[in-house]
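Read through the structure below, which is laid out as C-alpha cells, and then see the notes.
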Amino acid sequence: MAKGHRSQIKRERNANKDTRPSAKLSYARVSVQKACFVLDAIRGKDVQTALGILAYNPRYASSVIEKLLKSAIANAENNNGMNPENLYIEECYADQGPIMKRIRPRAQGRAYRIEKRMSHITIVLNER
C-alpha cells in the first residue's frame, strides 16, 4: 500500500502531471496506417508550417488532423497562455481503436469480413 494521506498521494500524482498543451481525438473513422502518413509529414514542424501542409494534403485524414491541431493550438493559447507563433509539434501519434466488423456476401453463400478500423489520434505541442 502507498504511504501517506490520500490528499498527499493525490498531490504527488498531480505534481508530475504533463503540462504540455495537447489535444486528443478518440474514435476517428480513419485507420492508424492512413493517419500516420499525415502525422509523419507534420511531426517536429512549427504550427504554421504544419497547418499549411495539412491544408494542401489530399488525404482524408489531413482534414481531421487539421481540426485537431487547431484545437491543440487553442488549448495552448487559452489554458497555458502560450504564444501561437512559438509553438511546434513535439509529439503526434495514432493508436489503434476498436474495429467495426461488417459482412460482405460473396459467391456460393460465403461471407467475407470487412473491418472498418478506428484510431485515437493525439497531438502534443511545446514552445520553442
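The chains in the C-alpha cells are called A, B, ... from first to last as shown; in each chain the residues are counted from 1, and the ligands are counted from 1 in the order shown.
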Fewer than 5 positions away in the same chain doesn't count, so skip those; otherwise give me all residues within 9 Å of stretch 118-121 of chain A, counting only C-alpha atoms, as a short mmCIF file (atom, residue, chain, number, x, y, z; two decimals) with N, CA and C atoms, in the first residue's frame.
data_model
loop_
_atom_site.label_atom_id
_atom_site.label_comp_id
_atom_site.auth_asym_id
_atom_site.auth_seq_id
_atom_site.Cartn_x
_atom_site.Cartn_y
_atom_site.Cartn_z
N ALA A 23 -4.10 17.79 -27.57
CA ALA A 23 -5.48 17.52 -27.96
C ALA A 23 -5.54 16.07 -28.41
N LYS A 24 -6.64 15.42 -28.07
CA LYS A 24 -6.80 14.01 -28.44
C LYS A 24 -8.16 13.80 -29.09
N LEU A 25 -8.15 13.06 -30.18
CA LEU A 25 -9.39 12.70 -30.86
C LEU A 25 -9.55 11.20 -30.75
N SER A 26 -10.62 10.77 -30.10
CA SER A 26 -10.88 9.35 -29.95
C SER A 26 -11.90 8.90 -30.99
N TYR A 27 -11.76 7.67 -31.42
CA TYR A 27 -12.69 7.02 -32.35
C TYR A 27 -12.77 7.75 -33.68
N ALA A 28 -11.64 8.17 -34.23
CA ALA A 28 -11.62 8.78 -35.56
C ALA A 28 -11.81 7.68 -36.59
N ARG A 29 -12.70 7.89 -37.55
CA ARG A 29 -13.00 6.86 -38.54
C ARG A 29 -11.96 6.84 -39.66
N VAL A 30 -10.71 6.64 -39.28
CA VAL A 30 -9.62 6.51 -40.23
C VAL A 30 -8.65 5.51 -39.61
N SER A 31 -8.04 4.66 -40.43
CA SER A 31 -7.16 3.64 -39.89
C SER A 31 -5.85 4.28 -39.42
N VAL A 32 -5.15 3.57 -38.54
CA VAL A 32 -3.89 4.08 -37.99
C VAL A 32 -2.86 4.28 -39.10
N ALA A 35 -3.64 7.47 -41.02
CA ALA A 35 -3.40 8.65 -40.21
C ALA A 35 -1.91 8.91 -40.05
N ILE A 65 -7.03 15.81 -38.89
CA ILE A 65 -5.87 16.19 -38.09
C ILE A 65 -5.73 17.71 -38.04
N LEU A 68 -7.92 18.92 -35.35
CA LEU A 68 -7.34 18.55 -34.06
C LEU A 68 -6.17 19.46 -33.69
N CYS A 92 3.20 13.52 -32.07
CA CYS A 92 1.90 13.23 -32.69
C CYS A 92 1.89 11.76 -33.05
N TYR A 93 0.86 11.08 -32.63
CA TYR A 93 0.79 9.64 -32.88
C TYR A 93 -0.67 9.20 -32.95
N ALA A 94 -0.85 8.03 -33.53
CA ALA A 94 -2.19 7.43 -33.65
C ALA A 94 -2.15 6.04 -33.05
N ASP A 95 -3.11 5.75 -32.19
CA ASP A 95 -3.23 4.44 -31.57
C ASP A 95 -4.44 3.72 -32.15
N GLN A 96 -4.39 2.40 -32.11
CA GLN A 96 -5.47 1.57 -32.64
C GLN A 96 -6.73 1.73 -31.78
N GLY A 97 -7.87 1.92 -32.43
CA GLY A 97 -9.15 1.98 -31.75
C GLY A 97 -9.92 0.69 -31.99
N PRO A 98 -11.18 0.67 -31.63
CA PRO A 98 -11.99 -0.53 -31.91
C PRO A 98 -12.24 -0.70 -33.40
N ILE A 99 -12.57 -1.91 -33.79
CA ILE A 99 -12.81 -2.23 -35.20
C ILE A 99 -14.28 -2.62 -35.37
N MET A 100 -14.97 -1.94 -36.31
CA MET A 100 -16.33 -2.35 -36.64
C MET A 100 -16.25 -3.48 -37.66
#
Could you name the residues that touch A:Arg102 at 8 Å or less, counting only C-alpha atoms, but leaving out those on the same chain fewer than 3 positions away, as a PDB file with C-alpha atoms, in the first residue's frame?
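The resulting around15.pdb:
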ATOM      1  CA  ARG A 113     -15.480  -9.883 -43.335  1.00  0.00           C
ATOM      2  CA  ILE A 114     -14.937  -6.149 -43.799  1.00  0.00           C
ATOM      3  CA  GLU A 115     -13.078  -4.427 -40.966  1.00  0.00           C
ATOM      4  CA  LYS A 116     -13.733  -0.713 -40.578  1.00  0.00           C
TER       5      LYS A 116
END
Given only C-alpha atoms as the basis, pick out the residue of A:Gly109, A:Pro21, A:Pro84, A:Gly4 nearest to A:Gln48. A:Pro84
Among chain A, which ones does DSSP assign to alpha helix (DSSP H) (computed from the backbone)? Answer as a PyMOL selection string. chain A and resi 6-15+32-42+47-55+60-79
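For the atom pair formed by atom CA of A:Ser63 and atom CA of A:Arg43, the distance is 15.9 Å, given to one decimal.
Using only C-alpha atoms, the nearest neighbour of A:Leu69 within the list A:Leu51, A:Glu85, A:Arg110, A:Ala41 is A:Leu51.
Atom CA of A:Leu87 is found 10.7 Å from atom CA of A:Thr49.
The spacing separating atom CA of A:Lys101 from atom CA of A:Thr122 amounts to 24.3 Å.
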Write out as a ChimeraX atom specification the set of residues from chain A that DSSP, computed on the backbone, places in strand (DSSP E or B). /A:22-28,46,87-105,111-127
Generate a file of the selected residues that holds N, CA and C atoms, formatted as a short mmCIF file (atom, residue, chain, number, x, y, z; two decimals), in the first residue's frame.
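Here's the written file selection.cif:
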data_model
loop_
_atom_site.label_atom_id
_atom_site.label_comp_id
_atom_site.auth_asym_id
_atom_site.auth_seq_id
_atom_site.Cartn_x
_atom_site.Cartn_y
_atom_site.Cartn_z
N SER A 22 -2.08 19.79 -25.30
CA SER A 22 -2.33 18.67 -26.21
C SER A 22 -3.80 18.62 -26.57
N ALA A 23 -4.10 17.79 -27.57
CA ALA A 23 -5.48 17.52 -27.96
C ALA A 23 -5.54 16.07 -28.41
N LYS A 24 -6.64 15.42 -28.07
CA LYS A 24 -6.80 14.01 -28.44
C LYS A 24 -8.16 13.80 -29.09
N LEU A 25 -8.15 13.06 -30.18
CA LEU A 25 -9.39 12.70 -30.86
C LEU A 25 -9.55 11.20 -30.75
N SER A 26 -10.62 10.77 -30.10
CA SER A 26 -10.88 9.35 -29.95
C SER A 26 -11.90 8.90 -30.99
N TYR A 27 -11.76 7.67 -31.42
CA TYR A 27 -12.69 7.02 -32.35
C TYR A 27 -12.77 7.75 -33.68
N ALA A 28 -11.64 8.17 -34.23
CA ALA A 28 -11.62 8.78 -35.56
C ALA A 28 -11.81 7.68 -36.59
N ASP A 46 6.92 23.48 -37.05
CA ASP A 46 6.21 24.52 -36.30
C ASP A 46 4.75 24.54 -36.77
N LEU A 87 4.93 27.96 -31.07
CA LEU A 87 4.58 26.55 -30.85
C LEU A 87 5.10 25.66 -31.97
N TYR A 88 5.43 24.42 -31.61
CA TYR A 88 5.77 23.40 -32.60
C TYR A 88 5.20 22.06 -32.14
N ILE A 89 5.11 21.12 -33.05
CA ILE A 89 4.52 19.82 -32.74
C ILE A 89 5.62 18.92 -32.18
N GLU A 90 5.53 18.65 -30.89
CA GLU A 90 6.56 17.83 -30.24
C GLU A 90 6.27 16.34 -30.44
N GLU A 91 5.03 15.94 -30.25
CA GLU A 91 4.64 14.54 -30.44
C GLU A 91 3.33 14.50 -31.20
N CYS A 92 3.20 13.52 -32.07
CA CYS A 92 1.90 13.23 -32.69
C CYS A 92 1.89 11.76 -33.05
N TYR A 93 0.86 11.08 -32.63
CA TYR A 93 0.79 9.64 -32.88
C TYR A 93 -0.67 9.20 -32.95
N ALA A 94 -0.85 8.03 -33.53
CA ALA A 94 -2.19 7.43 -33.65
C ALA A 94 -2.15 6.04 -33.05
N ASP A 95 -3.11 5.75 -32.19
CA ASP A 95 -3.23 4.44 -31.57
C ASP A 95 -4.44 3.72 -32.15
N GLN A 96 -4.39 2.40 -32.11
CA GLN A 96 -5.47 1.57 -32.64
C GLN A 96 -6.73 1.73 -31.78
N GLY A 97 -7.87 1.92 -32.43
CA GLY A 97 -9.15 1.98 -31.75
C GLY A 97 -9.92 0.69 -31.99
N PRO A 98 -11.18 0.67 -31.63
CA PRO A 98 -11.99 -0.53 -31.91
C PRO A 98 -12.24 -0.70 -33.40
N ILE A 99 -12.57 -1.91 -33.79
CA ILE A 99 -12.81 -2.23 -35.20
C ILE A 99 -14.28 -2.62 -35.37
N MET A 100 -14.97 -1.94 -36.31
CA MET A 100 -16.33 -2.35 -36.64
C MET A 100 -16.25 -3.48 -37.66
N LYS A 101 -16.91 -4.57 -37.38
CA LYS A 101 -16.85 -5.73 -38.27
C LYS A 101 -18.16 -5.81 -39.06
N ARG A 102 -18.03 -5.89 -40.37
CA ARG A 102 -19.18 -5.98 -41.26
C ARG A 102 -19.02 -7.19 -42.16
N ILE A 103 -20.13 -7.65 -42.72
CA ILE A 103 -20.12 -8.84 -43.57
C ILE A 103 -20.44 -8.45 -45.00
N ARG A 104 -19.69 -9.00 -45.94
CA ARG A 104 -19.91 -8.78 -47.36
C ARG A 104 -20.30 -10.13 -47.99
N PRO A 105 -21.48 -10.23 -48.57
CA PRO A 105 -21.87 -11.50 -49.20
C PRO A 105 -21.00 -11.80 -50.43
N ALA A 111 -19.30 -15.62 -46.96
CA ALA A 111 -19.33 -14.25 -46.45
C ALA A 111 -17.90 -13.82 -46.15
N TYR A 112 -17.54 -12.64 -46.63
CA TYR A 112 -16.23 -12.07 -46.33
C TYR A 112 -16.40 -10.99 -45.27
N ARG A 113 -15.42 -10.89 -44.40
CA ARG A 113 -15.48 -9.88 -43.33
C ARG A 113 -14.82 -8.59 -43.82
N ILE A 114 -15.51 -7.47 -43.55
CA ILE A 114 -14.94 -6.15 -43.80
C ILE A 114 -14.67 -5.52 -42.44
N GLU A 115 -13.44 -5.05 -42.23
CA GLU A 115 -13.08 -4.43 -40.97
C GLU A 115 -12.93 -2.92 -41.17
N LYS A 116 -13.79 -2.17 -40.50
CA LYS A 116 -13.73 -0.71 -40.58
C LYS A 116 -13.00 -0.23 -39.33
N ARG A 117 -11.76 0.20 -39.55
CA ARG A 117 -10.87 0.49 -38.43
C ARG A 117 -11.05 1.92 -37.93
N MET A 118 -10.78 2.10 -36.63
CA MET A 118 -10.81 3.42 -35.99
C MET A 118 -9.47 3.66 -35.32
N SER A 119 -9.21 4.93 -35.01
CA SER A 119 -7.96 5.25 -34.34
C SER A 119 -8.17 6.38 -33.33
N HIS A 120 -7.25 6.45 -32.38
CA HIS A 120 -7.21 7.54 -31.41
C HIS A 120 -5.98 8.37 -31.75
N ILE A 121 -6.18 9.63 -32.16
CA ILE A 121 -5.08 10.49 -32.61
C ILE A 121 -4.77 11.51 -31.52
N THR A 122 -3.47 11.67 -31.21
CA THR A 122 -3.03 12.60 -30.17
C THR A 122 -1.97 13.53 -30.74
N ILE A 123 -2.09 14.83 -30.41
CA ILE A 123 -1.10 15.83 -30.80
C ILE A 123 -0.66 16.56 -29.54
N VAL A 124 0.66 16.61 -29.32
CA VAL A 124 1.23 17.31 -28.16
C VAL A 124 2.12 18.44 -28.70
N LEU A 125 1.88 19.65 -28.21
CA LEU A 125 2.65 20.82 -28.65
C LEU A 125 3.64 21.23 -27.56
N ASN A 126 4.60 22.07 -27.94
CA ASN A 126 5.51 22.66 -26.98
C ASN A 126 5.99 23.99 -27.53
N GLU A 127 6.61 24.79 -26.67
CA GLU A 127 7.04 26.12 -27.06
C GLU A 127 8.54 26.14 -27.31
#
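Using only C-alpha atoms for every distance, the candidate list A:His5, A:Ala107, A:Asn86, A:Asn75 yields A:Asn86 as the residue closest to A:Lys45.
Considering only C-alpha atoms, the residue among A:Arg59, A:Arg20, A:Arg106, A:Arg11 positioned nearest to A:Val38 is A:Arg59.
Distances from A:Gln108, A:Leu39, A:Arg6, A:Asp18 to A:Asn57 were compared using only C-alpha atoms, and the smallest one belongs to A:Leu39.
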